[in-house]
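Text of start03.txt (compact mmCIF, C-alpha atoms) as supplied:
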```
# COMPACT_ATOMS: atom_id res chain seq x y z
CA MET K 938 -52.46 -29.31 73.72
CA ALA K 939 -54.93 -29.90 70.92
CA PRO K 940 -53.57 -31.71 67.83
CA ILE K 941 -52.97 -29.72 64.65
CA THR K 942 -55.24 -30.78 61.87
CA THR K 943 -54.97 -29.89 58.21
CA SER K 944 -57.93 -30.11 55.95
CA ARG K 945 -57.79 -31.68 52.54
CA GLU K 946 -58.70 -28.41 50.86
CA GLU K 947 -55.52 -26.75 52.18
CA PHE K 948 -53.39 -29.56 50.71
CA ASP K 949 -55.10 -29.03 47.33
CA GLU K 950 -54.33 -25.27 47.35
CA ILE K 951 -50.54 -25.70 47.80
CA PRO K 952 -49.75 -27.00 44.24
CA THR K 953 -51.89 -24.22 42.81
CA VAL K 954 -49.93 -21.52 44.63
CA VAL K 955 -46.59 -23.09 43.67
CA GLY K 956 -47.65 -23.21 40.02
CA ILE K 957 -48.67 -19.56 40.05
CA PHE K 958 -45.34 -18.47 41.58
CA SER K 959 -43.41 -20.64 39.06
CA ALA K 960 -45.28 -19.09 36.14
CA PHE K 961 -44.55 -15.56 37.39
CA GLY K 962 -40.86 -16.49 37.88
CA LEU K 963 -40.58 -17.93 34.36
CA VAL K 964 -42.18 -14.84 32.77
CA PHE K 965 -39.86 -12.55 34.77
CA THR K 966 -36.75 -14.56 33.76
CA VAL K 967 -37.64 -14.52 30.02
CA SER K 968 -38.38 -10.79 30.12
CA LEU K 969 -35.09 -10.02 31.87
CA PHE K 970 -33.13 -12.11 29.33
CA ALA K 971 -34.83 -10.36 26.38
CA TRP K 972 -34.13 -6.93 27.91
CA ILE K 973 -30.42 -7.77 28.38
CA CYS K 974 -30.11 -8.98 24.76
CA CYS K 975 -31.72 -5.78 23.43
CA GLN K 976 -29.36 -3.65 25.52
CA ARG K 977 -26.29 -5.48 24.18
CA LYS K 978 -27.48 -5.19 20.59
CA SER K 979 -28.18 -1.48 21.03
CA SER K 980 -24.78 -0.82 22.57
CA LYS K 981 -23.02 -2.64 19.72
CA SER K 982 -24.86 -0.64 17.05
CA ASN K 983 -23.93 2.65 18.72
CA LYS K 984 -20.21 1.97 18.68
CA THR K 985 -18.05 3.69 16.10
CA PRO K 986 -17.21 1.23 13.28
CA PRO K 987 -13.56 0.16 13.27
CA TYR K 988 -11.13 1.49 10.68
CA LYS K 989 -10.47 -0.94 7.91
CA PHE K 990 -7.31 0.89 6.87
CA VAL K 991 -4.61 2.12 9.23
CA HIS K 992 -1.19 2.36 7.60
CA VAL K 993 1.80 1.94 9.89
CA LEU K 994 5.21 3.36 9.08
CA LYS K 995 8.20 1.68 10.67
CA GLY K 996 9.47 3.62 13.66
CA VAL K 997 6.94 6.46 13.24
CA ASP K 998 3.89 7.30 15.34
CA ILE K 999 0.72 7.39 13.22
CA TYR K 1000 -2.89 7.66 14.35
CA PRO K 1001 -6.30 8.37 12.76
CA GLU K 1002 -8.17 11.43 13.96
CA ASN K 1003 -11.66 11.30 15.47
CA LEU K 1004 -14.34 10.62 12.88
CA ASN K 1005 -16.43 13.56 14.10
CA SER K 1006 -13.56 16.08 13.96
CA LYS K 1007 -13.54 16.44 10.19
CA LYS K 1008 -12.55 19.99 9.27
CA LYS K 1009 -11.53 21.81 6.14
CA PHE K 1010 -8.68 24.28 6.19
CA GLY K 1011 -8.37 27.20 3.80
CA ALA K 1012 -6.24 30.25 3.27
CA ASP K 1013 -7.64 32.05 6.34
CA ASP K 1014 -6.27 29.40 8.71
CA LYS K 1015 -2.72 30.66 8.46
CA ASN K 1016 -3.72 33.80 10.34
CA GLU K 1017 -4.45 31.74 13.47
CA VAL K 1018 -1.07 30.01 13.62
CA LYS K 1019 0.15 32.29 16.42
CA ASN K 1020 -2.66 31.16 18.74
CA LYS K 1021 -1.95 27.45 18.35
CA PRO K 1022 1.00 25.45 19.68
CA ALA K 1023 3.29 24.23 16.95
CA VAL K 1024 3.61 20.51 16.32
CA PRO K 1025 7.19 19.20 16.64
CA LYS K 1026 8.93 18.92 13.29
CA ASN K 1027 10.07 15.38 13.96
CA SER K 1028 6.54 14.08 14.45
CA LEU K 1029 4.57 12.50 11.61
CA HIS K 1030 0.93 11.47 11.86
CA LEU K 1031 -1.64 10.09 9.43
CA ASP K 1032 -5.23 11.38 9.33
CA LEU K 1033 -8.05 9.41 7.71
CA GLU K 1034 -11.32 10.98 6.60
CA LYS K 1035 -14.77 9.86 7.70
CA ARG K 1036 -16.05 6.58 6.32
CA ASP K 1037 -19.47 4.94 6.31
CA LEU K 1038 -20.48 1.92 8.42
CA ASN K 1039 -18.83 -0.47 5.94
CA GLY K 1040 -15.50 1.32 6.12
CA ASN K 1041 -15.88 2.83 2.64
CA PHE K 1042 -15.79 6.46 1.57
CA PRO K 1043 -18.70 8.27 -0.11
CA LYS K 1044 -17.87 9.09 -3.69
CA THR K 1045 -17.76 12.82 -4.39
CA ASN K 1046 -17.27 14.75 -7.59
CA LEU K 1047 -14.25 16.98 -8.00
CA LYS K 1048 -16.19 19.79 -9.57
CA PRO K 1049 -19.87 20.38 -10.41
CA GLY K 1050 -20.58 19.24 -13.91
CA SER K 1051 -20.84 16.10 -15.98
CA PRO K 1052 -18.20 13.38 -15.62
CA SER K 1053 -17.47 13.56 -19.33
CA ASP K 1054 -16.21 17.12 -18.89
CA LEU K 1055 -13.55 15.92 -16.45
CA GLU K 1056 -12.51 12.99 -18.63
CA ASN K 1057 -12.09 15.05 -21.78
CA ALA K 1058 -10.42 18.01 -20.14
CA ALA K 1059 -6.64 18.48 -20.31
CA PRO K 1060 -4.78 18.31 -16.96
CA LYS K 1061 -5.68 21.51 -15.10
CA LEU K 1062 -5.21 22.99 -11.69
CA PHE K 1063 -8.33 24.12 -9.84
CA LEU K 1064 -8.81 26.18 -6.72
CA GLU K 1065 -11.42 25.05 -4.19
CA GLY K 1066 -14.58 27.14 -4.14
CA GLU K 1067 -15.46 29.82 -6.64
CA LYS K 1068 -11.85 30.94 -7.18
CA GLU K 1069 -10.01 29.32 -10.05
CA ALA K 1070 -6.36 29.44 -10.99
CA VAL K 1071 -4.09 27.68 -13.47
CA SER K 1072 -0.49 26.78 -12.72
CA PRO K 1073 2.09 26.61 -15.53
CA ASP K 1074 3.15 23.13 -14.38
CA SER K 1075 -0.40 21.83 -14.66
CA LEU K 1076 -0.59 22.74 -18.35
CA LYS K 1077 1.89 20.01 -19.21
CA SER K 1078 -0.34 17.46 -20.88
CA SER K 1079 0.18 14.13 -22.54
CA THR K 1080 1.90 15.85 -25.49
CA SER K 1081 5.20 15.29 -23.71
CA LEU K 1082 4.66 11.54 -23.58
CA SER K 1083 6.33 9.23 -26.05
CA SER K 1084 4.41 7.59 -28.89
CA GLU K 1085 4.36 4.23 -27.08
CA GLU K 1086 2.82 5.77 -23.96
CA LYS K 1087 0.17 7.52 -26.07
CA GLN K 1088 -0.85 4.22 -27.67
CA GLU K 1089 -1.29 2.45 -24.34
CA LYS K 1090 -3.58 4.58 -22.17
CA LEU K 1091 -3.26 3.71 -18.51
CA GLY K 1092 -5.91 6.06 -17.11
CA THR K 1093 -5.99 9.31 -15.14
CA LEU K 1094 -5.31 9.98 -11.45
CA PHE K 1095 -7.29 12.66 -9.57
CA PHE K 1096 -5.96 14.09 -6.30
CA SER K 1097 -5.77 17.29 -4.26
CA LEU K 1098 -2.99 19.10 -2.39
CA GLU K 1099 -3.31 21.43 0.60
CA TYR K 1100 -1.11 22.96 3.28
CA ASN K 1101 -2.59 23.50 6.75
CA PHE K 1102 -0.78 26.50 8.22
CA GLU K 1103 -2.48 26.09 11.59
CA LYS K 1104 -1.07 22.59 12.13
CA LYS K 1105 1.97 22.99 9.88
CA ALA K 1106 0.85 19.93 7.95
CA PHE K 1107 0.96 18.88 4.30
CA VAL K 1108 -2.31 17.23 3.22
CA VAL K 1109 -2.69 14.94 0.20
CA ASN K 1110 -6.10 13.55 -0.79
CA ILE K 1111 -6.12 10.69 -3.31
CA LYS K 1112 -9.60 11.01 -4.81
CA GLU K 1113 -9.97 8.54 -7.67
CA ALA K 1114 -8.53 7.00 -10.82
CA ARG K 1115 -10.38 6.57 -14.09
CA GLY K 1116 -9.89 4.39 -17.14
CA LEU K 1117 -7.41 1.91 -15.64
CA PRO K 1118 -6.45 -1.10 -17.80
CA ALA K 1119 -7.66 -4.60 -16.90
CA MET K 1120 -4.81 -6.60 -15.33
CA ASP K 1121 -6.88 -9.80 -14.84
CA GLU K 1122 -7.42 -11.36 -18.25
CA GLN K 1123 -10.17 -13.70 -17.02
CA SER K 1124 -12.45 -11.18 -15.31
CA MET K 1125 -11.23 -8.26 -17.48
CA THR K 1126 -10.93 -6.02 -14.41
CA SER K 1127 -8.40 -5.01 -11.73
CA ASP K 1128 -8.09 -4.75 -7.94
CA PRO K 1129 -6.34 -1.35 -7.78
CA TYR K 1130 -4.63 0.44 -4.92
CA ILE K 1131 -2.10 3.30 -4.79
CA LYS K 1132 1.24 3.74 -3.04
CA MET K 1133 2.49 7.28 -2.46
CA THR K 1134 6.02 8.37 -1.55
CA ILE K 1135 7.32 11.87 -0.78
CA LEU K 1136 10.64 12.36 -2.56
CA PRO K 1137 13.58 12.78 -2.31
CA GLU K 1138 14.04 11.26 1.16
CA LYS K 1139 11.41 8.50 0.73
CA LYS K 1140 10.71 8.54 4.47
CA HIS K 1141 6.98 9.18 4.14
CA LYS K 1142 5.33 6.17 2.46
CA VAL K 1143 1.60 5.47 2.57
CA LYS K 1144 -0.90 3.44 0.58
CA THR K 1145 -4.65 3.26 0.04
CA ARG K 1146 -6.92 0.32 0.61
CA VAL K 1147 -7.56 -2.18 -2.22
CA LEU K 1148 -10.80 -1.72 -4.18
CA ARG K 1149 -12.02 -4.95 -5.75
CA LYS K 1150 -12.93 -5.46 -9.40
CA THR K 1151 -13.09 -1.92 -10.73
CA LEU K 1152 -11.37 0.14 -13.42
CA ASP K 1153 -12.61 3.45 -11.95
CA PRO K 1154 -11.72 3.23 -8.24
CA ALA K 1155 -12.91 6.03 -5.93
CA PHE K 1156 -10.50 6.04 -2.97
CA ASP K 1157 -11.12 9.49 -1.40
CA GLU K 1158 -8.43 8.89 1.26
CA THR K 1159 -6.63 11.76 2.98
CA PHE K 1160 -3.06 11.58 4.30
CA THR K 1161 -1.76 14.34 6.58
CA PHE K 1162 1.97 14.73 7.16
CA TYR K 1163 2.89 16.83 10.17
CA GLY K 1164 6.21 18.55 10.74
CA ILE K 1165 6.86 19.60 7.13
CA PRO K 1166 7.61 23.38 6.92
CA TYR K 1167 5.86 25.28 4.14
CA THR K 1168 9.23 26.54 2.86
CA GLN K 1169 10.29 22.94 2.26
CA ILE K 1170 7.26 22.03 0.12
CA GLN K 1171 8.82 23.50 -3.04
CA GLU K 1172 11.77 21.10 -2.73
CA LEU K 1173 9.62 17.96 -2.59
CA ALA K 1174 7.99 15.73 -5.19
CA LEU K 1175 5.13 13.22 -4.97
CA HIS K 1176 5.48 9.78 -6.53
CA PHE K 1177 2.28 7.74 -7.01
CA THR K 1178 2.49 4.07 -8.00
CA ILE K 1179 -0.77 2.50 -9.19
CA LEU K 1180 -0.90 -1.27 -8.65
CA SER K 1181 -3.38 -4.14 -8.96
CA PHE K 1182 -3.52 -6.59 -6.05
CA ASP K 1183 -2.79 -10.25 -6.87
CA ARG K 1184 -3.53 -12.81 -4.16
CA PHE K 1185 -1.32 -15.55 -5.58
CA SER K 1186 1.74 -13.70 -6.92
CA ARG K 1187 3.41 -10.29 -6.99
CA ASP K 1188 1.07 -7.34 -7.47
CA ASP K 1189 0.90 -5.99 -11.01
CA ILE K 1190 2.26 -2.47 -11.58
CA ILE K 1191 -0.20 -0.48 -13.71
CA GLY K 1192 1.80 2.75 -13.92
CA GLU K 1193 3.07 5.78 -12.06
CA VAL K 1194 2.65 9.56 -11.68
CA LEU K 1195 5.44 11.93 -10.62
CA ILE K 1196 4.50 15.43 -9.41
CA PRO K 1197 7.29 17.94 -8.62
CA LEU K 1198 5.92 20.51 -6.15
CA SER K 1199 8.17 23.34 -7.30
CA GLY K 1200 6.06 26.16 -8.70
CA ILE K 1201 2.83 24.92 -7.09
CA GLU K 1202 1.39 27.60 -4.78
CA LEU K 1203 -0.62 26.18 -1.85
CA SER K 1204 -1.01 29.37 0.18
CA GLU K 1205 -4.43 30.19 -1.35
CA GLY K 1206 -6.15 26.93 -0.38
CA LYS K 1207 -6.75 23.39 -1.61
CA MET K 1208 -5.86 22.59 -5.22
CA LEU K 1209 -7.53 19.83 -7.24
CA MET K 1210 -5.28 18.22 -9.83
CA ASN K 1211 -5.28 15.35 -12.33
CA ARG K 1212 -2.46 13.67 -14.23
CA GLU K 1213 -2.23 10.98 -16.89
CA ILE K 1214 -0.81 7.69 -15.59
CA ILE K 1215 2.32 6.69 -17.52
CA LYS K 1216 4.09 3.36 -17.85
CA ARG K 1217 6.64 2.76 -15.13
CA ASN K 1218 10.20 3.20 -16.34
CA VAL K 1219 12.01 0.07 -15.12
CA ARG K 1220 15.67 0.87 -15.61
CA LYS K 1221 18.93 -0.11 -14.02
CA SER K 1222 19.99 2.18 -11.24
CA SER K 1223 23.20 2.23 -9.22
CA GLY K 1224 21.08 3.49 -6.36
CA ARG K 1225 19.51 0.02 -5.98
CA GLY K 1226 22.78 -1.65 -5.05
CA GLU K 1227 24.60 -4.73 -6.38
CA LEU K 1228 24.35 -8.50 -5.85
CA LEU K 1229 27.14 -11.11 -6.12
CA ILE K 1230 25.79 -14.39 -7.54
CA SER K 1231 27.57 -17.68 -8.33
CA LEU K 1232 26.00 -20.22 -10.72
CA CYS K 1233 26.90 -23.75 -11.78
CA TYR K 1234 25.00 -25.95 -14.23
CA GLN K 1235 25.44 -29.72 -13.86
CA SER K 1236 24.48 -31.20 -17.22
CA THR K 1237 24.87 -34.81 -16.00
CA THR K 1238 22.40 -34.47 -13.10
CA ASN K 1239 20.44 -31.65 -14.80
CA THR K 1240 20.63 -29.41 -11.75
CA LEU K 1241 21.41 -25.72 -11.27
CA THR K 1242 23.38 -24.62 -8.21
CA VAL K 1243 22.79 -21.03 -7.13
CA VAL K 1244 24.89 -19.35 -4.44
CA VAL K 1245 23.81 -15.96 -3.10
CA LEU K 1246 27.12 -14.54 -1.84
CA LYS K 1247 26.96 -10.80 -1.05
CA ALA K 1248 25.04 -7.56 -1.54
CA ARG K 1249 26.55 -4.09 -1.37
CA HIS K 1250 25.50 -0.42 -1.52
CA LEU K 1251 21.86 -1.22 -0.76
CA PRO K 1252 19.76 1.96 -0.35
CA LYS K 1253 18.30 3.22 2.92
CA SER K 1254 14.78 1.90 3.21
CA ASP K 1255 13.36 3.14 6.52
CA VAL K 1256 13.48 6.02 8.98
CA SER K 1257 16.45 4.54 10.87
CA GLY K 1258 18.50 4.71 7.68
CA LEU K 1259 19.29 0.98 7.53
CA SER K 1260 17.51 -1.93 5.84
CA ASP K 1261 17.10 -5.56 6.92
CA PRO K 1262 17.77 -7.28 3.57
CA TYR K 1263 17.15 -10.82 2.43
CA VAL K 1264 16.99 -12.43 -1.03
CA LYS K 1265 14.19 -14.45 -2.63
CA VAL K 1266 15.24 -16.75 -5.48
CA ASN K 1267 12.54 -17.81 -7.98
CA LEU K 1268 13.13 -20.43 -10.70
CA TYR K 1269 11.00 -20.04 -13.85
CA HIS K 1270 10.35 -22.50 -16.67
CA ALA K 1271 8.68 -20.98 -19.74
CA LYS K 1272 7.65 -17.94 -17.64
CA LYS K 1273 6.00 -20.13 -14.99
CA ARG K 1274 7.48 -20.25 -11.51
CA ILE K 1275 8.31 -23.83 -10.55
CA SER K 1276 10.44 -23.36 -7.42
CA LYS K 1277 11.35 -20.69 -4.85
CA LYS K 1278 13.90 -20.26 -2.08
CA LYS K 1279 14.98 -17.44 0.24
CA THR K 1280 17.96 -16.51 2.38
CA HIS K 1281 18.04 -15.49 6.04
CA VAL K 1282 17.47 -11.84 6.99
CA LYS K 1283 20.56 -9.73 7.69
CA LYS K 1284 19.80 -7.02 10.24
CA CYS K 1285 20.59 -3.32 9.76
CA THR K 1286 23.20 -3.42 7.01
CA PRO K 1287 23.60 -2.02 3.48
CA ASN K 1288 26.39 -4.55 2.76
CA ALA K 1289 25.03 -8.01 3.56
CA VAL K 1290 26.99 -11.29 3.44
CA PHE K 1291 24.68 -14.28 2.81
CA ASN K 1292 26.83 -17.21 1.51
CA GLU K 1293 23.75 -19.43 1.06
CA LEU K 1294 23.56 -22.24 -1.52
CA PHE K 1295 20.44 -23.54 -3.29
CA VAL K 1296 20.15 -26.50 -5.69
CA PHE K 1297 17.31 -26.54 -8.24
CA ASP K 1298 16.23 -29.54 -10.33
CA ILE K 1299 15.76 -28.56 -13.98
CA PRO K 1300 12.62 -30.18 -15.49
CA CYS K 1301 13.92 -30.09 -19.08
CA GLU K 1302 17.11 -30.68 -21.05
CA GLY K 1303 19.22 -27.53 -21.25
CA LEU K 1304 18.63 -24.01 -19.93
CA GLU K 1305 16.98 -22.37 -22.94
CA ASP K 1306 13.57 -21.95 -21.26
CA ILE K 1307 14.93 -21.50 -17.71
CA SER K 1308 15.42 -18.18 -15.92
CA VAL K 1309 16.23 -17.21 -12.33
CA GLU K 1310 14.82 -14.12 -10.61
CA PHE K 1311 16.49 -12.57 -7.54
CA LEU K 1312 14.46 -10.18 -5.39
CA VAL K 1313 16.27 -8.24 -2.65
CA LEU K 1314 13.69 -7.24 -0.03
CA ASP K 1315 13.65 -5.25 3.18
CA SER K 1316 12.12 -7.25 6.05
CA GLU K 1317 9.49 -5.22 7.93
CA ARG K 1318 7.33 -6.60 10.72
CA GLY K 1319 3.66 -5.76 10.58
CA SER K 1320 3.61 -4.71 6.93
CA ARG K 1321 4.40 -6.02 3.48
CA ASN K 1322 8.12 -6.33 2.76
CA GLU K 1323 9.37 -3.74 0.29
CA VAL K 1324 11.37 -4.73 -2.80
CA ILE K 1325 14.79 -3.04 -2.77
CA GLY K 1326 15.97 -4.34 -6.14
CA GLN K 1327 15.52 -7.03 -8.77
CA LEU K 1328 17.80 -9.16 -10.94
CA VAL K 1329 16.89 -11.64 -13.69
CA LEU K 1330 19.35 -14.17 -15.17
CA GLY K 1331 18.41 -16.11 -18.29
CA ALA K 1332 18.89 -16.52 -22.01
CA ALA K 1333 16.65 -13.53 -22.75
CA ALA K 1334 18.16 -11.30 -20.06
CA GLU K 1335 20.05 -8.17 -21.07
CA GLY K 1336 23.46 -6.95 -19.93
CA THR K 1337 25.45 -8.89 -17.35
CA GLY K 1338 22.49 -11.19 -16.63
CA GLY K 1339 22.54 -12.59 -20.17
CA GLU K 1340 26.36 -12.76 -20.26
CA HIS K 1341 26.51 -14.68 -16.98
CA TRP K 1342 23.87 -17.15 -18.22
CA LYS K 1343 25.72 -17.74 -21.49
CA GLU K 1344 28.94 -18.53 -19.61
CA ILE K 1345 27.38 -21.21 -17.40
CA CYS K 1346 25.79 -22.79 -20.49
CA ASP K 1347 29.11 -22.79 -22.36
CA TYR K 1348 31.09 -24.08 -19.36
CA PRO K 1349 28.98 -26.63 -17.43
CA ARG K 1350 30.23 -28.01 -14.07
CA ARG K 1351 32.12 -24.75 -13.50
CA GLN K 1352 31.14 -22.36 -10.71
CA ILE K 1353 31.07 -18.82 -12.14
CA ALA K 1354 30.50 -15.74 -9.95
CA LYS K 1355 29.66 -12.18 -11.05
CA TRP K 1356 28.50 -8.87 -9.59
CA HIS K 1357 25.20 -7.59 -10.98
CA VAL K 1358 23.58 -4.15 -10.66
CA LEU K 1359 20.03 -4.40 -9.32
CA CYS K 1360 17.05 -2.94 -11.19
CA ASP K 1361 14.04 -1.18 -9.70
CA GLY K 1362 11.70 -3.91 -8.50
```
As a first step, turn the structure in this file into structure tokens.
Amino acid sequence: MAPITTSREEFDEIPTVVGIFSAFGLVFTVSLFAWICCQRKSSKSNKTPPYKFVHVLKGVDIYPENLNSKKKFGADDKNEVKNKPAVPKNSLHLDLEKRDLNGNFPKTNLKPGSPSDLENAAPKLFLEGEKEAVSPDSLKSSTSLSSEEKQEKLGTLFFSLEYNFEKKAFVVNIKEARGLPAMDEQSMTSDPYIKMTILPEKKHKVKTRVLRKTLDPAFDETFTFYGIPYTQIQELALHFTILSFDRFSRDDIIGEVLIPLSGIELSEGKMLMNREIIKRNVRKSSGRGELLISLCYQSTTNTLTVVVLKARHLPKSDVSGLSDPYVKVNLYHAKKRISKKKTHVKKCTPNAVFNELFVFDIPCEGLEDISVEFLVLDSERGSRNEVIGQLVLGAAAEGTGGEHWKEICDYPRRQIAKWHVLCDG
């Protein structure tokens, strides 16, 4: 057999071929990687942006409708109710209107015309489209407000009401608020949001998102409540509470609007309404329940012993009819909170027994500038705990709160217990 010989030229061609194949492989790999990255970026941009606001009610099923299924319902929809299956009365859902890619709503005007016309107009009731009607209830203007409320203007709330006969649903759209007062003294602005409750049962509670640093917030958020018969609408009332978000303490209450629905006719279509925001009436109410507190002031050690004993007749706070109460105790010195404590949560009871003791060190001699705030709250997982009632004890407190404080100052080292009626928190 003849020996196999390899010329030098063949050995020189091998590195060249390997280099060419390596170059082609590198170009193919880079191109494939770039194509994959472009596909991922394209798929992400095509996805529907997530909702920034989904309100969850305890024990109730709530979902947002499809963004592309936005539909307006008018008076003609009630003729098609026979062709559609009825929604169960016990069900309650929440619909949210279409938002932009940032999760915000486009600002829309309530009625063609200049904004100054809406601001200067008295509260009226409009009918959507070319039809226009005025309700007797809507003619009640700020003339019924007291002189104090007239002096302190808290702004105007714009909203719309509608009943969808096809789905047997009550629809409330919170459009905007104008002329709100500045709750932040440094930035001279507010971070407003709105809570809405359907009275008298208080089962349906929703709230808007917080809009940062504005005195004219445009919410344009729609809430749809299923399972409410049209015959029951006249017996209901809407309660709006306008608040300003505070990151470091309790949110500031700007004011409130109460709308009785008796006399308001929704059978002809959507109605646009506006109401002046009035100062919230914080008054004592037996419906908030009572709290048994024991206090003892030790003048020698300059300490204040607070015992949260019992609560009774607390109101129903959720759909199940029972609340999960607990008590927060805040110690204030010259209107500045210097210490805070809280009790354990008592499950499903309107008459809670706490029997928890707290000892506070007083930073000054005497109790003249000291006050104690008690907040009874309902513990709710997944959402902000709701205030059931409030109680303040101190030298400037009125009623039993001031009397109790005077007794512990007059009789130091003596444990004195009293029942107190809770105020609206």
### Message
Rounded to one decimal, what separation in Å do you get between CA of Tyr1130 in chain K and CA of Asn1211 in chain K?
### Response
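Between CA of Tyr1130 in chain K and CA of Asn1211 in chain K the gap is 16.7 Å.
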#### Entry: One-decimal distance in Å that lies between CA of Asn1239 in chain K and CA of Arg1351 in chain K
13.6 Å
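Distances from K:Ala1174, K:Met1125, K:Leu1152, K:Ile1201 to Glu1099 in chain K were compared using all atoms listed in the file, and the smallest one belongs to K:Ile1201.
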### Query
Which is closest to Pro1129 in chain K among K:Val1147, K:Ile1325, K:Leu1094, K:Val1264, if we use all atoms listed in the file?
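The shortest atom-to-atom distance to Pro1129 in chain K comes from K:Val1147.
Across K:Ala1289, K:Phe1297, K:Lys1247, K:Tyr1234, the tightest approach to Asp1347 in chain K is made by K:Tyr1234 when counting only C-alpha atoms.
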### Task
Could you tell me how far CA of Ala1354 in chain K lies from CA of Lys1278 in chain K, in Å and to one decimal?
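CA of Lys1278 in chain K lies at a distance of 18.9 Å from CA of Ala1354 in chain K.
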### Query
Restricting the calculation to all atoms listed in the file, which member of K:Val1290, K:Ile1135, K:Val1282, K:Ile1230 is positioned closest to Val1329 in chain K?
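Comparing K:Val1290, K:Ile1135, K:Val1282, K:Ile1230 against Val1329 in chain K, the winner is K:Ile1230.
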### Query
Arg1225 in chain K: which residues within 10 Å, counting only C-alpha atoms, same-chain residues fewer than 3 positions away excluded, as JSON, numbers by chain?
{"K": [1221, 1222, 1228, 1249, 1250, 1251, 1252, 1253, 1313, 1324, 1325, 1326, 1327, 1358, 1359, 1360, 1361, 1362]}
#### Entry: Surrounding residues of Leu1203 in chain K excluding itself and chain neighbours under 4 positions, 8 Å, all atoms listed in the file, as a list in words
Leu1098, Glu1099, Tyr1100, Lys1207 and Met1208 of chain K
Produce a file of the selected residues containing C-alpha atoms, as a PDB file, in the coordinates of the input.
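Final file, selection21.pdb:
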```pdb
ATOM      1  CA  LEU K1098      -2.990  19.100  -2.390  1.00  0.00           C
ATOM      2  CA  GLU K1099      -3.310  21.430   0.600  1.00  0.00           C
ATOM      3  CA  TYR K1100      -1.110  22.960   3.280  1.00  0.00           C
ATOM      4  CA  LYS K1207      -6.750  23.390  -1.610  1.00  0.00           C
ATOM      5  CA  MET K1208      -5.860  22.590  -5.220  1.00  0.00           C
TER       6      MET K1208
END
```
Determine, counting all atoms listed in the file, every residue of protein, DNA or RNA that lies within 6 Å of (3.5, 10.6, -9.2) in the file coordinates, then give the result as a compact mmCIF listing (two decimals) with C-alpha atoms, in the coordinates of the input.
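Printed below is out.txt as written:
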```
# COMPACT_ATOMS: atom_id res chain seq x y z
CA LEU K 1175 5.13 13.22 -4.97
CA HIS K 1176 5.48 9.78 -6.53
CA PHE K 1177 2.28 7.74 -7.01
CA GLU K 1193 3.07 5.78 -12.06
CA VAL K 1194 2.65 9.56 -11.68
CA LEU K 1195 5.44 11.93 -10.62
CA ILE K 1196 4.50 15.43 -9.41
```
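Residue nearest Ala1155 in chain K within the list K:Gln1171, K:Gln976, K:Ser1186, K:Thr1093: K:Thr1093 [criterion: smallest interatomic distance, only C-alpha atoms].
Candidate residues K:Ser1127, K:Thr1161, K:Thr1337, K:Asn1288 were compared for distance to Gly1226 in chain K, and the nearest is K:Asn1288, using all atoms listed in the file.
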### Task
Write out as JSON, numbers by chain which residues come within 8 Å of Ser1097 in chain K when counting only C-alpha atoms, dropping same-chain ones fewer than 2 positions away.
{"K": [1095, 1099, 1109, 1110, 1111, 1112, 1207, 1208, 1209, 1210]}
